[in-house]
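*Asks:* Contents are compact mmCIF, C-alpha atoms; file name structure_4.txt:
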```
# COMPACT_ATOMS: atom_id res chain seq x y z
CA MET G 21 10.48 0.45 -5.82
CA THR G 22 8.78 -2.60 -7.32
CA VAL G 23 11.07 -5.02 -9.13
CA ALA G 24 8.40 -7.39 -10.37
CA PRO G 25 6.45 -8.10 -13.56
CA SER G 26 3.61 -5.75 -14.39
CA TRP G 27 0.21 -7.38 -13.92
CA ILE G 28 -1.69 -4.69 -15.81
CA TYR G 29 0.88 -4.17 -18.58
CA PRO G 30 1.97 -7.81 -19.11
CA ASN G 31 3.54 -7.13 -22.52
CA ALA G 32 5.92 -4.48 -21.21
CA ALA G 33 9.40 -5.39 -22.45
CA ASN G 34 11.09 -4.15 -19.26
CA ASN G 35 9.53 -6.83 -17.04
CA ARG G 36 12.08 -8.76 -14.96
CA ARG G 37 11.01 -12.35 -14.39
CA THR G 38 13.96 -14.64 -13.53
CA PRO G 39 15.77 -14.47 -10.17
CA GLY G 40 18.97 -13.32 -11.87
CA ASP G 41 17.19 -10.58 -13.80
CA LEU G 42 15.47 -9.38 -10.63
CA VAL G 43 18.73 -9.20 -8.70
CA GLU G 44 20.39 -7.13 -11.44
CA SER G 45 17.39 -4.81 -11.58
CA VAL G 46 17.47 -4.31 -7.80
CA VAL G 47 21.19 -3.55 -7.86
CA ASP G 48 20.73 -0.95 -10.61
CA ALA G 49 17.75 0.66 -8.85
CA TRP G 50 19.67 0.75 -5.55
CA LYS G 51 22.52 2.55 -7.29
CA ALA G 52 19.92 5.03 -8.60
CA GLY G 53 18.77 5.74 -5.03
CA ALA G 54 16.01 3.25 -4.17
CA THR G 55 15.49 2.62 -0.44
CA ILE G 56 13.15 -0.41 -0.55
CA ALA G 57 12.95 -3.22 -3.12
CA HIS G 58 9.53 -4.88 -3.42
CA VAL G 59 10.28 -8.24 -5.06
CA HIS G 60 8.43 -11.20 -6.53
CA GLY G 61 8.22 -13.22 -9.72
CA ASP G 62 5.26 -13.96 -11.96
CA ARG G 63 3.65 -15.78 -9.06
CA ASN G 64 6.00 -17.28 -6.51
CA PHE G 65 9.59 -18.49 -6.74
CA SER G 66 10.71 -21.90 -5.56
CA GLU G 67 12.67 -22.03 -2.30
CA SER G 68 15.97 -22.33 -4.19
CA GLU G 69 15.07 -19.38 -6.43
CA TRP G 70 14.24 -17.27 -3.38
CA LYS G 71 17.61 -18.15 -1.87
CA THR G 72 19.28 -16.92 -5.06
CA VAL G 73 17.31 -13.65 -4.86
CA PHE G 74 18.10 -13.07 -1.16
CA LYS G 75 21.79 -13.82 -1.52
CA GLY G 76 22.22 -11.81 -4.70
CA ILE G 77 20.52 -8.72 -3.29
CA ARG G 78 22.08 -8.85 0.17
CA ASP G 79 25.60 -9.59 -1.06
CA ARG G 80 25.57 -6.60 -3.42
CA THR G 81 23.36 -3.96 -1.76
CA ASP G 82 22.10 -2.73 1.60
CA ILE G 83 18.60 -2.08 0.23
CA ILE G 84 15.58 -2.94 2.39
CA LEU G 85 14.20 -6.22 1.02
CA GLN G 86 10.40 -6.34 0.92
CA ILE G 87 8.70 -9.51 -0.33
CA GLY G 88 5.42 -9.17 -2.21
CA LEU G 89 2.68 -11.48 -3.52
CA SER G 90 0.45 -10.58 -0.60
CA SER G 91 -2.57 -12.33 -2.13
CA LEU G 92 -0.99 -15.76 -1.53
CA PRO G 93 -2.09 -17.77 1.52
CA ILE G 94 0.35 -18.02 4.41
CA PRO G 95 1.39 -21.67 3.81
CA GLU G 96 2.62 -20.79 0.30
CA ARG G 97 4.67 -17.92 1.73
CA MET G 98 6.26 -19.71 4.69
CA PRO G 99 9.55 -20.66 2.97
CA VAL G 100 10.31 -17.02 2.21
CA ILE G 101 9.02 -15.80 5.61
CA GLU G 102 11.49 -18.17 7.28
CA MET G 103 14.29 -16.54 5.25
CA LYS G 104 13.57 -13.37 7.25
CA PRO G 105 13.12 -10.59 4.68
CA ASP G 106 13.23 -7.08 6.10
CA MET G 107 9.58 -6.50 5.19
CA LEU G 108 6.57 -8.54 4.08
CA SER G 109 3.59 -7.19 2.10
CA ILE G 110 0.23 -8.07 3.67
CA ILE G 111 -3.21 -7.11 2.35
CA LEU G 112 -5.37 -5.64 5.12
CA ASN G 113 -8.77 -6.51 3.70
CA HIS G 114 -10.81 -8.70 1.37
CA HIS G 115 -9.07 -8.32 -1.96
CA SER G 116 -10.39 -8.15 -5.52
CA GLU G 117 -8.31 -7.25 -8.57
CA ALA G 118 -8.99 -7.32 -12.30
CA PHE G 119 -6.17 -8.32 -14.65
CA PRO G 120 -6.05 -8.49 -18.46
CA HIS G 121 -6.14 -12.30 -18.36
CA GLY G 122 -8.40 -12.95 -15.38
CA ASN G 123 -9.52 -11.68 -11.98
CA VAL G 124 -8.73 -12.57 -8.38
CA ASP G 125 -11.14 -12.42 -5.47
CA ILE G 126 -9.51 -13.44 -2.21
CA ILE G 127 -10.53 -13.30 1.46
CA HIS G 128 -8.06 -12.14 4.11
CA ASP G 129 -9.91 -12.34 7.42
CA VAL G 130 -8.89 -11.00 10.83
CA ASN G 131 -7.62 -14.39 12.03
CA GLU G 132 -5.20 -14.53 9.09
CA LEU G 133 -4.03 -10.99 9.83
CA ILE G 134 -3.40 -11.93 13.47
CA GLU G 135 -1.36 -14.92 12.30
CA TYR G 136 0.64 -12.64 10.00
CA ALA G 137 1.32 -10.25 12.87
CA LYS G 138 2.55 -13.12 15.06
CA LEU G 139 4.82 -14.44 12.29
CA CYS G 140 6.31 -11.00 11.67
CA ASN G 141 6.99 -10.58 15.39
CA LYS G 142 8.56 -14.05 15.55
CA PHE G 143 10.92 -13.52 12.61
CA GLY G 144 11.65 -9.83 13.16
CA ILE G 145 9.92 -8.72 9.94
CA LYS G 146 8.26 -5.32 9.47
CA PRO G 147 4.84 -5.67 7.80
CA GLU G 148 4.06 -3.52 4.81
CA TRP G 149 0.29 -3.14 5.13
CA GLU G 150 -1.49 -2.78 1.80
CA VAL G 151 -4.34 -0.30 2.23
CA TRP G 152 -6.98 -0.33 -0.49
CA HIS G 153 -9.90 1.41 1.25
CA ALA G 154 -11.20 2.52 4.66
CA GLY G 155 -11.88 -1.04 5.81
CA SER G 156 -8.13 -1.63 5.73
CA VAL G 157 -7.66 0.99 8.44
CA TRP G 158 -10.36 -0.63 10.58
CA ASN G 159 -8.44 -3.90 10.43
CA LEU G 160 -5.14 -2.21 11.26
CA ASN G 161 -6.74 -0.51 14.26
CA TYR G 162 -8.12 -3.89 15.37
CA LEU G 163 -4.64 -5.46 15.29
CA VAL G 164 -3.13 -2.54 17.22
CA ASP G 165 -5.94 -2.38 19.78
CA HIS G 166 -5.57 -6.10 20.50
CA GLY G 167 -1.83 -5.84 21.09
CA HIS G 168 -0.57 -7.58 17.95
CA LEU G 169 1.45 -4.69 16.50
CA SER G 170 3.71 -1.88 17.61
CA PRO G 171 4.45 1.36 15.73
CA PRO G 172 5.51 2.67 13.37
CA HIS G 173 3.11 1.04 10.90
CA PHE G 174 4.20 1.15 7.26
CA VAL G 175 1.19 1.41 4.94
CA THR G 176 0.98 1.63 1.16
CA LEU G 177 -2.10 3.35 -0.25
CA PHE G 178 -3.17 1.95 -3.61
CA PHE G 179 -4.90 3.89 -6.40
CA ASP G 180 -6.19 2.93 -9.86
CA TRP G 181 -5.52 -0.77 -9.39
CA PRO G 182 -8.42 -2.34 -11.34
CA GLY G 183 -10.96 -4.52 -9.55
CA GLY G 184 -13.34 -4.44 -6.61
CA THR G 185 -10.81 -2.75 -4.32
CA TRP G 186 -10.17 0.09 -6.80
CA SER G 187 -9.78 3.70 -5.65
CA PRO G 188 -9.63 6.65 -8.06
CA ALA G 189 -6.27 8.32 -8.59
CA THR G 190 -7.40 11.86 -7.79
CA PRO G 191 -6.02 14.52 -5.42
CA GLU G 192 -9.31 14.50 -3.51
CA GLU G 193 -9.13 10.75 -2.94
CA LEU G 194 -5.50 10.93 -1.83
CA LEU G 195 -6.30 13.62 0.76
CA HIS G 196 -9.32 11.62 1.93
CA ARG G 197 -7.27 8.44 2.31
CA LEU G 198 -4.42 10.16 4.11
CA LYS G 199 -6.83 11.64 6.65
CA GLN G 200 -8.00 8.11 7.51
CA GLN G 201 -4.55 6.82 8.43
CA ARG G 202 -3.25 6.40 11.94
CA HIS G 203 -0.97 9.14 13.28
CA ASP G 204 1.73 6.50 13.92
CA SER G 205 1.76 5.25 10.33
CA ILE G 206 4.31 5.93 7.60
CA CYS G 207 2.46 6.32 4.31
CA SER G 208 3.60 5.48 0.79
CA VAL G 209 1.56 5.86 -2.40
CA SER G 210 1.28 3.39 -5.29
CA VAL G 211 -0.55 4.18 -8.55
CA MET G 212 -1.12 1.69 -11.37
CA SER G 213 -2.23 4.16 -14.06
CA HIS G 214 -0.62 7.05 -15.93
CA ALA G 215 -1.91 9.33 -13.14
CA GLN G 216 1.10 8.07 -11.17
CA THR G 217 3.30 11.14 -11.65
CA LYS G 218 0.83 13.69 -10.30
CA MET G 219 -0.22 11.43 -7.41
CA VAL G 220 3.23 10.47 -6.16
CA THR G 221 4.40 14.07 -6.56
CA MET G 222 1.48 15.17 -4.40
CA SER G 223 2.41 12.52 -1.85
CA LEU G 224 5.97 13.87 -1.74
CA LEU G 225 4.73 17.46 -1.41
CA LEU G 226 2.59 16.40 1.56
CA GLY G 227 5.57 14.80 3.30
CA HIS G 228 4.81 11.17 2.49
CA SER G 229 6.57 8.56 0.35
CA ALA G 230 6.29 7.26 -3.20
CA ARG G 231 6.42 3.76 -4.66
CA VAL G 232 7.35 3.36 -8.32
CA GLY G 233 8.53 0.46 -10.45
CA THR G 234 7.65 -1.98 -13.16
CA GLU G 235 4.85 -3.64 -11.17
CA ASP G 236 3.03 -0.34 -10.63
CA ASN G 237 3.55 1.47 -13.93
CA PRO G 238 6.45 0.49 -16.21
CA TYR G 239 6.06 3.68 -18.28
CA LEU G 240 7.92 6.97 -17.90
CA PHE G 241 5.15 8.66 -19.88
CA PRO G 242 1.95 7.22 -21.41
CA ASP G 243 3.74 6.76 -24.74
CA LYS G 244 7.23 5.93 -23.46
CA LEU G 245 8.18 2.67 -21.76
CA SER G 246 10.98 3.02 -19.24
CA LYS G 247 14.30 1.35 -19.92
CA ASP G 248 14.32 -0.30 -16.48
CA ASN G 249 13.60 0.26 -12.80
CA ALA G 250 16.70 2.39 -12.37
CA GLU G 251 15.27 4.90 -14.84
CA LEU G 252 11.94 4.98 -12.98
CA VAL G 253 13.76 5.49 -9.67
CA SER G 254 15.99 8.22 -11.11
CA ARG G 255 12.94 10.07 -12.38
CA ILE G 256 11.14 10.11 -9.02
CA MET G 257 14.42 10.99 -7.27
CA SER G 258 14.63 14.05 -9.49
CA VAL G 259 11.04 15.01 -8.64
CA ALA G 260 11.72 14.59 -4.90
CA LYS G 261 14.78 16.83 -5.05
CA GLN G 262 12.90 19.47 -7.04
CA VAL G 263 10.15 19.68 -4.39
CA GLY G 264 12.70 19.90 -1.57
CA ARG G 265 12.45 16.40 -0.11
CA ASN G 266 15.41 14.69 1.52
CA ILE G 267 16.18 11.23 0.14
CA ALA G 268 16.30 8.39 2.68
CA THR G 269 19.16 5.92 2.34
CA PRO G 270 18.47 2.27 3.21
CA ASP G 271 20.12 2.89 6.60
CA ASP G 272 17.84 5.90 7.13
CA GLY G 273 14.88 3.73 6.19
CA ARG G 274 15.88 1.05 8.68
CA GLN G 275 16.14 3.63 11.44
CA ILE G 276 12.76 5.13 10.57
CA LEU G 277 11.09 1.70 10.47
CA GLY G 278 12.91 0.19 13.45
CA LEU G 279 14.60 -2.53 11.37
CA GLU G 280 17.82 -4.39 12.02
CA LYS G 281 20.78 -2.97 10.16
CA GLY G 282 21.82 -4.97 7.13
CA ARG G 283 20.67 -8.59 7.45
CA LYS G 284 22.68 -11.24 5.64
```
Any chance you could give the structure as C-alpha cells?

*Replies:*
Amino acid sequence: MTVAPSWIYPNAANNRRTPGDLVESVVDAWKAGATIAHVHGDRNFSESEWKTVFKGIRDRTDIILQIGLSSLPIPERMPVIEMKPDMLSIILNHHSEAFPHGNVDIIHDVNELIEYAKLCNKFGIKPEWEVWHAGSVWNLNYLVDHGHLSPPHFVTLFFDWPGGTWSPATPEELLHRLKQQRHDSICSVSVMSHAQTKMVTMSLLLGHSARVGTEDNPYLFPDKLSKDNAELVSRIMSVAKQVGRNIATPDDGRQILGLEKGRK
C-alpha cells in the first residue's frame, strides 16, 4: 500500500504530503488491513521529518514500514537507511520515467546495487526490488550468484508506469513477467493506470500479491477518486476475499519475509 503523492495524477485531492498526513493515512490503511506501507513525500523528507514518520507509524501500528524514493542516490537516502526501516525500495536497473511535469533518466549500475545489498545486510533491512523489465532479473541473479543476497527476494513488478522502462498492463505481459522471476522470489504487482483492477486481481488469482495506493492509482474507478488509502485497501481486500485469498497480517508478512518482529 503506497502512502505517497501520485506522480502521474499530481492534482489528485487525496494526496498525502506532510509527515503528519502520511502517518494518519498509514494508520487508517493499517486498520483497513494493509500489511506493508510504502512511504515517501514529494521527494525526500528531512531527517527530522523522517523521525516523525517513523515514530508516528511505529507507535500506532505494527505495519511493515517500507521506504520508497528508489531513484535517489544512496548518499541522499543514508539518514533514513540508518533509521532501519523494515524494507527499502531499490530499482534493479537503469531507470527512465515520464511525468506530467518532466522526465527522469537515472543510472543504477551493478556496483550501486552491491552497495545497497551490503547496506541492507548491515542494517537488517529487507530490500524491495523494483522490477521493470527482464534486465532487472538479470541484475538480481547477479547479486544472488555473487553472494550478496539471501532468499526470499521480494520483488514488485511494475506495469503502465510511463517512460523508457514502461511495460504494458496486459494479462499476457503479466504472465510473461512472472515466468521470468526466480523461484525464491515473492512477487507483488503495481499498476499505474486504470488497468490496475484487472491486473492486481489476476495477480491475486495466480497466488501473488497486490500493491495499491495513492502513488500507484489514486482512483477507485476511472471517474471516481478514492477518499483515501484506507478506501483503496478496503477495496482490494474485498477482491482478495472474493477470490479466496487469505489476508496476511503484518506479523504474517514479517514471518514470510524473514523480518524482525515489530521494530521500534

*Asks:* From the set G:Ala54, G:Ile84, G:Val100, G:Ala250, which residue has the shortest atom-to-atom contact distance to Gly278 of chain G, counting all atoms listed in the file?

*Replies:*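 Counting all atoms listed in the file, the residue closest to Gly278 of chain G is G:Ile84.
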
*Asks:* Find, counting all atoms listed in the file, the residue in G:Thr190, G:Ser223, G:Asn266, G:Asn249 that gets nearest to Asn35 of chain G.

*Replies:*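 Of G:Thr190, G:Ser223, G:Asn266, G:Asn249, the one nearest Asn35 of chain G is G:Asn249, counting all atoms listed in the file.
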
*Asks:* When distances are computed from only C-alpha atoms, which of G:Pro172, G:Pro242, G:Gly53, G:Gly144 shows the smallest separation from Met212 of chain G?

*Replies:*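 Closest to Met212 of chain G of all the choices is G:Pro242.
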
*Asks:* Counting only C-alpha atoms, figure out which residue out of G:Val209, G:Val263, G:Val253, G:Leu92 gets nearest to Ala52 of chain G.

*Replies:* G:Val253

*Asks:* Counting all atoms listed in the file, find the residues whose atoms lie at most 9 Å from (12.3, -8.2, 9.2) (file coordinates) and write them out as a list of chain:residue names.

*Replies:*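 Looking at atoms near the point gives G:Leu85, G:Gln86, G:Lys104, G:Pro105, G:Asp106, G:Met107, G:Leu108, G:Cys140, G:Asn141, G:Phe143, G:Gly144, G:Ile145, G:Lys146, G:Pro147, G:Leu279, G:Glu280, G:Arg283.
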
*Asks:* Find the spatial neighbours of Leu163 of chain G, counting all atoms listed in the file, within a cut-off of 10 Å - ignore same-chain residues fewer than 3 positions away - and output them as a ChimeraX atom specification.

*Replies:* /G:130-131,133-134,137,157-160,166-170

*Asks:* Pull C-alpha atoms from the residues just selected and write them as a PDB file, in the frame of the given file.

*Replies:*
```pdb
ATOM      1  CA  VAL G 130      -8.890 -11.000  10.830  1.00  0.00           C
ATOM      2  CA  ASN G 131      -7.620 -14.390  12.030  1.00  0.00           C
ATOM      3  CA  LEU G 133      -4.030 -10.990   9.830  1.00  0.00           C
ATOM      4  CA  ILE G 134      -3.400 -11.930  13.470  1.00  0.00           C
ATOM      5  CA  ALA G 137       1.320 -10.250  12.870  1.00  0.00           C
ATOM      6  CA  VAL G 157      -7.660   0.990   8.440  1.00  0.00           C
ATOM      7  CA  TRP G 158     -10.360  -0.630  10.580  1.00  0.00           C
ATOM      8  CA  ASN G 159      -8.440  -3.900  10.430  1.00  0.00           C
ATOM      9  CA  LEU G 160      -5.140  -2.210  11.260  1.00  0.00           C
ATOM     10  CA  HIS G 166      -5.570  -6.100  20.500  1.00  0.00           C
ATOM     11  CA  GLY G 167      -1.830  -5.840  21.090  1.00  0.00           C
ATOM     12  CA  HIS G 168      -0.570  -7.580  17.950  1.00  0.00           C
ATOM     13  CA  LEU G 169       1.450  -4.690  16.500  1.00  0.00           C
ATOM     14  CA  SER G 170       3.710  -1.880  17.610  1.00  0.00           C
TER      15      SER G 170
END
```

*Asks:* Find the residue from G:Tyr136, G:Phe119, G:Phe241, G:Tyr162 that sits nearest to Gly183 of chain G; use all atoms listed in the file when measuring.

*Replies:*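 Looking at the shortest contact to Gly183 of chain G, the residue is G:Phe119.
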
*Asks:* For a cutoff of 8 Å around the file-coordinate point (-9.2, -6.4, -12.1), which residues qualify once you count only C-alpha atoms? I'd like the result as number ranges by chain.

*Replies:* G: 116-120, 122-124, 181-184

*Asks:* With 7 Å as the cut-off and only C-alpha atoms counted, what is the closest atom pair between each nearby residue of segment 196-227 of chain G and segment 235-238 of chain G? Distances in Å to one decimal, ordered by chain and number, as a Markdown table.

*Replies:*
```
| residue | atom | partner | partner_atom | distance |
| --- | --- | --- | --- | --- |
| G:Ser210 | CA | G:Asp236 | CA | 6.7 |
| G:Val211 | CA | G:Asp236 | CA | 6.1 |
| G:Met212 | CA | G:Asp236 | CA | 4.7 |
| G:Ser213 | CA | G:Asn237 | CA | 6.4 |
```

*Asks:* Taking only C-alpha atoms into account, which of G:Thr217, G:Ser90, G:Ser254, G:Thr81 comes nearest Val47 of chain G?

*Replies:*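 Looking at the shortest contact to Val47 of chain G, the residue is G:Thr81.
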